[in-house]
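Structure data follow from start_24.txt (compact mmCIF, C-alpha atoms and all ligand atoms):
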# COMPACT_ATOMS: atom_id res chain seq x y z
CA MET A 1 1.21 5.80 18.11
CA PRO A 2 4.91 5.65 17.28
CA GLU A 3 6.55 2.24 17.37
CA GLY A 4 10.18 1.51 16.81
CA ASP A 5 9.75 1.37 13.04
CA THR A 6 8.17 4.83 12.92
CA LEU A 7 11.02 6.28 14.93
CA PHE A 8 13.56 4.42 12.81
CA ARG A 9 12.14 6.15 9.72
CA THR A 10 12.16 9.48 11.54
CA ALA A 11 15.83 8.98 12.37
CA VAL A 12 16.60 8.20 8.71
CA ALA A 13 14.94 11.46 7.59
CA LEU A 14 16.60 13.57 10.30
CA ARG A 15 19.97 11.99 9.59
CA ARG A 16 19.70 12.63 5.89
CA TRP A 17 19.04 16.35 6.24
CA LEU A 18 20.78 17.28 9.47
CA VAL A 19 23.95 15.28 10.04
CA GLY A 20 27.01 17.34 9.18
CA GLU A 21 25.08 20.62 9.33
CA VAL A 22 25.71 23.36 11.89
CA VAL A 23 22.80 24.51 14.05
CA THR A 24 21.91 28.10 13.18
CA ALA A 25 18.94 28.52 15.53
CA ALA A 26 17.20 26.56 18.28
CA ARG A 27 14.13 27.42 20.32
CA THR A 28 11.91 25.54 22.71
CA ARG A 29 8.82 25.77 24.88
CA VAL A 30 10.29 23.38 27.43
CA PRO A 31 11.12 25.36 30.58
CA GLY A 32 14.77 25.19 31.56
CA LEU A 33 15.95 23.42 28.41
CA ALA A 34 19.15 25.23 27.44
CA VAL A 35 18.93 24.81 23.69
CA ALA A 36 20.87 28.02 23.00
CA ARG A 37 24.04 26.05 23.65
CA LEU A 38 23.34 23.95 20.57
CA VAL A 39 23.68 26.94 18.24
CA GLY A 40 26.97 26.85 16.35
CA ARG A 41 27.49 23.13 16.95
CA ARG A 42 27.59 20.55 14.21
CA ILE A 43 25.05 17.70 14.31
CA GLU A 44 27.05 14.48 14.43
CA ALA A 45 24.54 11.67 14.59
CA VAL A 46 20.88 10.76 14.89
CA GLU A 47 19.97 7.43 16.49
CA ALA A 48 16.73 5.65 17.19
CA ARG A 49 16.94 3.37 20.20
CA GLY A 50 13.64 1.68 20.72
CA LYS A 51 11.19 4.54 21.12
CA HIS A 52 13.91 7.00 22.11
CA LEU A 53 15.47 9.37 19.61
CA LEU A 54 18.96 10.70 20.25
CA ILE A 55 20.58 13.58 18.39
CA ARG A 56 24.29 13.96 19.07
CA PHE A 57 26.03 17.30 18.76
CA GLU A 58 29.67 18.25 18.36
CA ASP A 59 31.54 18.39 21.69
CA GLY A 60 29.15 16.23 23.57
CA PRO A 61 25.57 17.31 24.21
CA VAL A 62 22.94 14.68 23.41
CA LEU A 63 19.34 15.64 22.81
CA HIS A 64 17.04 12.90 24.07
CA THR A 65 13.40 12.79 23.04
CA HIS A 66 10.84 10.13 23.83
CA MET A 67 7.64 10.20 21.81
CA ARG A 68 5.34 8.12 24.05
CA MET A 69 1.87 8.17 22.42
CA THR A 70 1.76 11.77 21.24
CA GLY A 71 5.11 12.99 19.99
CA SER A 72 6.64 13.20 16.53
CA TRP A 73 9.55 14.77 14.70
CA HIS A 74 9.10 16.45 11.33
CA VAL A 75 11.77 17.85 9.07
CA TYR A 76 10.95 20.64 6.62
CA ARG A 77 12.82 22.70 4.08
CA GLN A 78 13.16 26.31 5.26
CA GLY A 79 10.02 28.23 4.31
CA ASP A 80 7.84 25.11 3.80
CA ARG A 81 4.44 24.99 5.42
CA TRP A 82 4.32 22.78 8.54
CA ARG A 83 1.84 19.95 8.73
CA ARG A 84 0.99 20.72 12.36
CA PRO A 85 0.28 24.01 14.11
CA GLU A 86 3.27 25.93 15.42
CA ARG A 87 1.80 26.04 18.94
CA GLN A 88 2.29 22.24 19.18
CA ALA A 89 6.00 22.59 18.46
CA ARG A 90 7.99 21.99 21.62
CA LEU A 91 11.41 22.25 20.04
CA VAL A 92 12.68 23.69 16.77
CA ILE A 93 16.19 23.25 15.42
CA GLU A 94 17.37 25.01 12.26
CA ALA A 95 20.41 23.68 10.45
CA GLY A 96 21.51 24.05 6.84
CA ASP A 97 18.41 24.72 4.78
CA HIS A 98 16.19 22.52 6.94
CA VAL A 99 14.12 22.89 10.09
CA ALA A 100 13.56 19.97 12.46
CA VAL A 101 10.46 20.30 14.61
CA CYS A 102 9.56 18.14 17.58
CA PHE A 103 5.81 18.16 18.21
CA ASN A 104 4.18 17.21 21.51
CA ALA A 105 6.91 14.88 22.76
CA PRO A 106 6.49 14.43 26.50
CA VAL A 107 10.20 13.91 27.10
CA ILE A 108 12.74 16.38 25.73
CA GLU A 109 16.03 16.76 27.54
CA LEU A 110 19.66 17.63 26.93
CA LEU A 111 22.14 15.19 28.37
CA ALA A 112 25.86 15.26 28.88
CA PRO A 113 27.33 12.20 27.14
CA GLN A 114 28.34 10.55 30.40
CA ALA A 115 24.77 11.01 31.71
CA GLU A 116 23.42 8.74 29.01
CA ARG A 117 24.82 5.56 30.55
CA VAL A 118 23.24 6.23 33.94
CA HIS A 119 19.99 7.58 32.56
CA PRO A 120 17.00 5.86 34.25
CA SER A 121 15.44 4.66 30.98
CA LEU A 122 18.24 4.92 28.39
CA GLY A 123 20.83 3.24 30.59
CA ARG A 124 18.71 0.12 31.08
CA LEU A 125 17.20 -0.06 27.61
CA GLY A 126 17.31 -3.51 26.04
CA PRO A 127 18.78 -4.23 22.61
CA ASP A 128 16.99 -2.46 19.76
CA VAL A 129 14.68 -4.75 17.83
CA LEU A 130 15.67 -3.08 14.54
CA ALA A 131 19.43 -3.24 15.15
CA GLU A 132 21.44 -5.36 12.75
CA PRO A 133 22.52 -7.85 13.74
CA LEU A 134 19.75 -8.43 16.23
CA ASP A 135 21.23 -9.19 19.67
CA LEU A 136 19.17 -12.33 20.28
CA ASP A 137 21.42 -13.65 23.06
CA GLY A 138 21.13 -10.34 24.92
CA ILE A 139 17.36 -10.27 24.51
CA LEU A 140 16.98 -13.87 25.66
CA LEU A 141 19.17 -13.23 28.68
CA ARG A 142 17.11 -10.21 29.71
CA ALA A 143 13.80 -11.97 29.02
CA ARG A 144 14.72 -14.87 31.31
CA THR A 145 15.39 -12.47 34.20
CA ARG A 146 11.65 -11.73 34.26
CA PRO A 147 9.35 -13.69 36.62
CA ALA A 148 8.40 -17.08 35.14
CA GLU A 149 4.72 -16.12 34.96
CA THR A 150 5.32 -12.94 32.91
CA ALA A 151 3.02 -13.08 29.90
CA LEU A 152 4.50 -12.99 26.40
CA GLY A 153 2.27 -10.01 25.64
CA GLU A 154 3.91 -8.09 28.49
CA LEU A 155 7.41 -9.30 27.75
CA LEU A 156 7.33 -7.97 24.17
CA LEU A 157 6.43 -4.47 25.41
CA ASP A 158 9.12 -4.49 28.11
CA GLN A 159 11.63 -1.94 26.80
CA GLN A 160 14.29 -3.24 29.19
CA VAL A 161 14.12 -6.66 27.54
CA LEU A 162 14.10 -5.37 23.99
CA ALA A 163 13.51 -1.86 22.76
CA GLY A 164 11.16 -0.72 20.05
CA ILE A 165 8.13 -3.01 19.94
CA GLY A 166 4.75 -1.41 20.52
CA ASN A 167 1.23 -2.76 20.62
CA ILE A 168 0.78 -3.30 16.88
CA TYR A 169 3.77 -5.61 16.44
CA ARG A 170 3.41 -7.46 19.72
CA SER A 171 -0.15 -8.37 18.69
CA GLU A 172 0.77 -9.25 15.12
CA ALA A 173 3.91 -11.24 16.01
CA LEU A 174 2.07 -13.32 18.62
CA TYR A 175 -0.59 -14.10 16.02
CA VAL A 176 1.93 -15.10 13.36
CA CYS A 177 3.71 -17.42 15.82
CA GLY A 178 0.45 -18.80 17.20
CA HIS A 179 1.08 -17.83 20.82
CA ASN A 180 -1.60 -16.59 23.16
CA PRO A 181 -0.71 -13.18 24.66
CA TRP A 182 -1.26 -14.56 28.20
CA THR A 183 1.07 -17.55 27.78
CA SER A 184 4.00 -17.11 30.14
CA HIS A 185 7.49 -16.89 28.67
CA SER A 186 8.61 -19.83 30.80
CA GLN A 187 6.31 -22.08 28.75
CA LEU A 188 8.40 -21.38 25.65
CA ALA A 189 11.73 -22.96 24.80
CA ASP A 190 14.58 -20.58 23.97
CA GLU A 191 14.22 -21.32 20.24
CA GLU A 192 10.52 -20.44 20.32
CA LEU A 193 11.16 -17.18 22.14
CA VAL A 194 13.93 -16.27 19.71
CA LYS A 195 11.60 -17.07 16.81
CA LEU A 196 8.95 -14.76 18.26
CA VAL A 197 11.42 -11.87 18.57
CA GLU A 198 12.71 -12.47 15.04
CA CYS A 199 9.14 -12.49 13.79
CA ALA A 200 8.37 -9.11 15.42
CA ALA A 201 11.59 -7.68 13.97
CA SER A 202 10.85 -8.91 10.47
CA LEU A 203 7.28 -7.56 10.56
CA MET A 204 8.66 -4.17 11.62
CA ARG A 205 11.37 -4.24 8.94
CA ALA A 206 8.79 -5.03 6.29
CA ASN A 207 7.06 -1.79 7.23
CA LEU A 208 10.23 0.32 6.97
CA PRO A 209 10.26 1.19 3.26
CA HIS A 210 7.19 3.34 3.71
CA VAL A 211 8.59 6.78 4.34
CA VAL A 212 5.35 8.11 5.72
CA ALA A 213 4.02 6.13 8.67
CA ARG A 214 0.82 4.36 7.75
CA ASP A 215 -1.86 4.73 10.32
CA VAL A 216 -3.77 1.60 11.03
CA GLY A 217 -7.40 2.28 10.32
CA ARG A 218 -10.09 1.94 12.95
CA HIS A 219 -10.79 -1.58 11.70
CA GLY A 220 -7.17 -2.61 11.48
CA GLU A 221 -6.87 -2.59 7.68
CA GLY A 222 -3.83 -4.55 6.60
CA ARG A 223 -3.40 -6.20 10.03
CA SER A 224 -4.26 -9.69 11.21
CA VAL A 225 -5.50 -8.97 14.72
CA TYR A 226 -4.54 -5.46 15.84
CA ARG A 227 -7.70 -3.33 16.20
CA ARG A 228 -9.80 -6.11 14.66
CA ALA A 229 -11.80 -7.11 17.75
CA GLY A 230 -15.01 -8.91 16.81
CA ARG A 231 -13.96 -9.30 13.17
CA PRO A 232 -13.23 -12.72 11.65
CA CYS A 233 -9.73 -14.18 11.82
CA ARG A 234 -8.24 -14.16 8.33
CA ARG A 235 -7.09 -17.78 8.83
CA CYS A 236 -9.93 -19.53 10.64
CA GLY A 237 -12.86 -17.13 10.75
CA ALA A 238 -13.18 -17.03 14.55
CA ALA A 239 -13.95 -13.62 16.04
CA ILE A 240 -10.80 -11.74 17.12
CA ARG A 241 -10.74 -10.91 20.81
CA ALA A 242 -9.37 -7.92 22.67
CA ARG A 243 -8.63 -7.48 26.36
CA ALA A 244 -6.35 -5.34 28.52
CA LEU A 245 -3.14 -7.11 29.50
CA GLY A 246 -0.56 -6.44 32.17
CA GLU A 247 0.25 -3.49 34.38
CA GLN A 248 0.05 -0.98 31.57
CA ALA A 249 -3.34 -2.44 30.57
CA ARG A 250 -2.58 -2.06 26.87
CA ILE A 251 -5.15 -3.92 24.78
CA ALA A 252 -3.98 -7.28 23.44
CA TYR A 253 -5.67 -8.66 20.33
CA TRP A 254 -5.73 -12.37 19.52
CA CYS A 255 -7.57 -15.17 17.77
CA PRO A 256 -8.91 -17.69 20.32
CA THR A 257 -8.53 -20.57 17.85
CA CYS A 258 -5.15 -19.80 16.26
CA GLN A 259 -3.64 -18.64 19.58
CA PRO A 260 -5.23 -20.98 22.14
CA SER A 261 -4.47 -21.03 25.83
CA GLY A 262 -6.14 -22.54 28.87
CA GLN A 263 -5.39 -19.32 30.74
CA ALA A 264 -7.16 -17.00 28.35
CA SER A 265 -10.49 -18.53 27.61
CA GLY A 266 -12.42 -15.39 28.60
ZN ZN A 301 -7.79 -17.77 13.78
Kindly present the structure from the file in structure tokens form.
Amino acid sequence: MPEGDTLFRTAVALRRWLVGEVVTAARTRVPGLAVARLVGRRIEAVEARGKHLLIRFEDGPVLHTHMRMTGSWHVYRQGDRWRRPERQARLVIEAGDHVAVCFNAPVIELLAPQAERVHPSLGRLGPDVLAEPLDLDGILLRARTRPAETALGELLLDQQVLAGIGNIYRSEALYVCGHNPWTSHSQLADEELVKLVECAASLMRANLPHVVARDVGRHGEGRSVYRRAGRPCRRCGAAIRARALGEQARIAYWCPTCQPSGQASG
């Protein structure tokens, strides 16, 4: 499952090999996607914004991909063997002596630059959690527009409040800060909320040097709570709990002792 840090690393790799190169070939399985117009254009920039990846081309077009749970970008040297089957490739871009392949991404679209600002998800995206400096004022402002009862566990996944945090880091950051996932944001002072966001950002940054995304094992190796339901808390020994939270019903993981709350005793 790609989180902001995975996509950030992807952007670094794509940027390194593609920016400044001219597209020599482009093909896609996405119906109606006019990738032929990219051929002959120079690649100007690659940006990760939350879980969205944007590739900017000379004279305007912007390729927007969103990975959701299934997608990934790989970059290979021409002639290298791909790590996934060709039939899963939804978009292939050749430039210089490299090939960029987008596998299984549910969202692939070409935007005119002016369309980006009014795009239903890009236009309203909150500040990126990996941006430096981190726009804490902007994040706080957006967070406080949410209903008072909105749970912290939901708030951290709300891409319009801040972009890039997925389930791993929302669970881990809440654990580190000792907040129950069901605690509402209105119960936290501004400083506490800022601290929580900074904590998530620093956990994600700490994971950045690994060029290849590390999968979390089935038993959450290397994590404190994520995917460790039923296993002992590394601090207090209590059994880690797991329960679906919020509209998206993503599973939240927490320690009932280290992250207590009257609202989440179940
Ligand atoms: Zn504990």
Query - Exercise answer, 12 Å around ligand ZN 301 (chain A) with all atoms listed in the file, as JSON, numbers by chain - result: {"A": [174, 175, 176, 177, 178, 179, 180, 224, 225, 228, 230, 231, 232, 233, 234, 235, 236, 237, 238, 239, 240, 241, 253, 254, 255, 256, 257, 258, 259, 260]}
Report summary line: With distances taken over only C-alpha atoms, the candidate from A:Gly164, A:Gly20, A:Gly79, A:Gln88 nearest Leu53 (chain A) is A:Gly164
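Residues in contact with Ala36 (chain A) at up to 9 Å, not including ones fewer than 2 positions away on its chain and judged by only C-alpha atoms, are Ala25, Ala26, Arg27, Leu33, Ala34, Leu38 and Val39 of chain A.
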Kindly list the centre and edge lengths in Å, rounded to one decimal, for the axis-aligned box that covers all listed atoms of region 120-125 of chain A plus 5 Å on each of its six sides, as lines of an AutoDock Vina configuration file.
center_x = 18.1
center_y = 2.9
center_z = 30.9
size_x = 15.4
size_y = 15.9
size_z = 16.6
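For the choices A:Leu193, A:Leu152, A:Leu188, A:Ile93, the atom-to-atom distance to Leu140 (chain A) is smallest for A:Leu193 when using only C-alpha atoms.
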Query raised in the report: Within 9 Å of (13.5, -10.8, 27.2), in the coordinates the file gives, what residues turn up when you count only C-alpha atoms, written out as a PyMOL selection string?
Result: chain A and resi 126+138-146+155-156+158+160-162+185+193+197
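Rounded to one decimal, CA of Val23 (chain A) and CA of Leu122 (chain A) lie 24.7 Å from each other.
Across A:Val194, A:Leu130, A:Ala252, A:Met204, the tightest approach to Leu157 (chain A) is made by A:Ala252 when counting only C-alpha atoms.
The nearest approach to Phe57 (chain A) among the residues A:Val19, A:Leu136, A:Ala206, A:Met69, with only C-alpha atoms taken into account, belongs to A:Val19.
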Requested in this report: Quote the spacing between CA of Arg87 (chain A) and CA of Trp17 (chain A) in Å to one decimal place.
Outcome: 23.5 Å
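Of the residues under consideration (A:Pro106, A:Gly153, A:Gly166, A:Gly4), A:Gly4 shows the shortest atom-to-atom contact distance to Glu47 (chain A) when counting all atoms listed in the file.
Nearest to Ile108 (chain A) of all the residues A:Arg243, A:Arg90, A:Arg124, A:Arg205 is A:Arg90, counting all atoms listed in the file.
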Query raised in the report: Can you find the residues with an atom no farther than 12 Å from (26.2, 10.1, 29.4), counting only C-alpha atoms, and report them as an MDAnalysis selection string?
Result: chainID A and resid 54 56 60:64 110:120 122:123
Query raised in the report: Which neighbours of region 97-105 of chain A fall inside 7 Å, counting all atoms listed in the file, when residues of the same chain fewer than 6 positions from it are skipped, and could you give them as a list in words?
Result: Trp17, Thr65, His66, Met67, Thr70, Gly71, Ser72, Trp73, His74, Val75, Tyr76, Arg77, Gln78, Gln88, Ala89, Arg90 and Leu91 of chain A
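Straight-line separation from CA of Gly246 (chain A) to CA of Arg49 (chain A): 23.4 Å.
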